[in-house]
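Engineer: Structure in structure tokens, see below.
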Amino acid sequence: MRLLPVVVTVLLTLAAAYYIYIPLPDAIQEPWKLMLLDAGFRATMKVAVVTQWLGLGHFIEAIRSSTENMENLGEVLVGSESGWGVKPGVRVSDTTFDGVPVRVYEPPAGGEGHLRRAVMFFHGGGWALGSAKKGSYDAITQLMSDELDAVVVSVEYRMYPEVLFPQPYLDCLSAAKHFLSQEVLVRYSVDPERVAVSGDSAGGNLAAAIAQQISTDDSMSRKFSVQALIYPVLQALDFNTPSYEQNQGVPILYRTLMIQFWLQYLGADPSLLPQLLANNHSSLHQSAITPELRARVDWTVLLPPKYKKNHKPVVVETGLEGLVKEVPGLLDVRAAPLLAGPEILAKCPRAYILTCEYDVLRDDGFMYARRLQDAGVTVTSDHYDDGFHGCLSFSFWPTHFDVGKRALRGYFSWLQKNL
């Protein structure tokens with residue numbers, strides 16, 4: 001009987017190791033740290049689904065609650081060492097821009113008549129998770145304000161399940177137009193020629209879409225001077241690009257999870273996931289998807305040769321009838337900025353696009369960079385061969401990934417030199 005506790009401990013340890021372990025590419029540094037992080041996310045997701053099944057609330061709300069508890073624990077345990085907490089000299093205030101909640105970070109005043117650069121930032125999280133006011137996003141934007149001597153406006157746009165597309169986009173557009181008004185720029189002592197729009201993942205999607213809209217809006221006398229997109233999600237017509245296939249099982253953004261985020265955002269039936277996974281939604285018989293639109297997401301033309309490798313395009317002859325008409329957001333440039341025409345892209349501001357090798361969204365970023373360049377826009381591509389989706393946010397507690405720190409440095413350095 002004395003052996004029983006030992007046997008139970010060994011079995012539990014093996015079970016935990018089996019759950020935590022997943023094969024990762026050799027180039028990813030600190031693999032066990034990423035495995036542990038991913039195991040925590042997967043466990044949180046499963047508990048959230050059970051919570052909803054029991055009628056105790058929406059699974060997204062359960063995930064938000066778990067994430068918030070972890071972030072609060074981090075602040076209690078390590079405080080300023082986590083990267084969280086107000087930076088000395090940075091003034092943080094919560095207000096609204098045209099009814100949209102925002103958090104504003106202001107560096108110390110630079111004296112009479114001193115104008116500062118500014119960044120409008122949209123956080124990621126699949127249009128469902130994340131917050132401008134908490135955790136790593138609060139840390140990133142505070143640090144940005146401090147190091148760039150910039151006014152940073154982080155937008156708390158509404159998300160799924162409370163709202164669906166296009167409401168998050170419209171929230172961001174309202175906030176952007178308000179911020180770019182003469183009155184507001186003067187209030188915050190912002191140089192109107194040095195205002196950037198930026199975001200990561202789903203926030204990068206919103207930043208790209210807002211940059212396009214503002215650039216082509218003749219009623220806007222002041223526009224963004226640069227756009228900085230961090231592993232942005234930009235299209236939903238092809239979920240079988242080389243990066244989607246290569247990284248479909250690489251944490252933390254699995255291919256099926258990205259499709260789930262899209263279906264939620266666009267208010268589509270979640271049971272459509274297998275159809276999108278097989279590219280049945282973009283089959284050749286979908287007449288709404290013209291050859292011109294297909295060319296705008298054709299990775300066989302738009303990707304650098306080294307990333308095509310031996311991958312073959314997945315083109316379906318006949319798919320699910322009428323799916324594009326059922327989910328019109330799939331072809332809406334406000335949701336899928338990669339589908340914008342060259343006449344729109346040509347008016348967009350200079351761009352910085354950060355991509356990671358082990359990210360399903362890698363090719364979205366590559367294709368957008370190519371299309372912007374083809375339209376005459378200056379683009380800086382910053383690719384991390386050992387990077388994975390979300391690494392920027394994990395440069396803080398509890399993970400402190402080295403690649404995240406390098407990516408954050410690269411991002412800030414580009415803004416410092418180009419804004």
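Quick note on naming: the chains in the structure tokens go A, B, ... in the order shown, residues restart at 1 in each chain, and ligands are numbered from 1 in order of appearance.
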Enumerate the residues of stretch 86-161 of chain A with a DSSP assignment of strand (DSSP E or B), computed from the backbone, and present them as a list in words.

Structural biologist: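 After running DSSP on the backbone, stretch 86-161 of chain A has strand (DSSP E or B) at Arg91, Val92, Ser93, Asp94, Thr95, Thr96, Phe97, Val100, Pro101, Val102, Arg103, Val104, Tyr105, Glu106, Arg116, Arg117, Ala118, Val119, Met120, Phe121, Phe122, Ala150, Val151, Val152, Val153, Ser154 and Val155 of chain A.
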
Engineer: So that I can see what lies close to A:Gln275, please list as a list of chain:residue names the residues with an atom at most 12 Å from it, counting only C-alpha atoms and leaving out residues fewer than 4 positions away in the same chain.

Structural biologist: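 So, after excluding close chain neighbours, the residues are A:Leu237, A:Asp238, A:Phe239, A:Thr256, A:Ile259, A:Gln260, A:Leu263, A:Ala268, A:Asp269, A:Pro270, A:Ser271, A:Asn279, A:Asn280, A:His281, A:Ser282, A:Ser283, A:Val316, A:Thr318, A:Gly319, A:Leu320, A:Glu321, A:Leu323, A:Val324.
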
Engineer: Taking only C-alpha atoms into account, name the residue in A:Glu245, A:Glu326, A:Asp364, A:Glu156 that is nearest to A:Gly124.

Structural biologist: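 Closest residue, counting only C-alpha atoms: A:Glu156.
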
Engineer: Which is closer to A:Gln246 than all the others in A:Thr51, A:Thr399, A:Asn310, A:Ser215, using only C-alpha atoms?

Structural biologist: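 Of all the options, A:Asn310 lies closest to A:Gln246.
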
Engineer: Could you work out how far atom CA of A:Thr380 lies from atom CA of A:Leu302, giving the answer in Å with one decimal?

Structural biologist: 16.0 Å

Engineer: Find the residues around stretch 185-195 of chain A up to 6 Å (only C-alpha atoms counted), leave out those fewer than 3 positions away in its own chain, and share them as a list in words.

Structural biologist: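 Result of the neighbour search: Leu115, Arg116, Arg117, Ala118, Val119, Gln182, Phe224, Ser225 and Leu419 of chain A.
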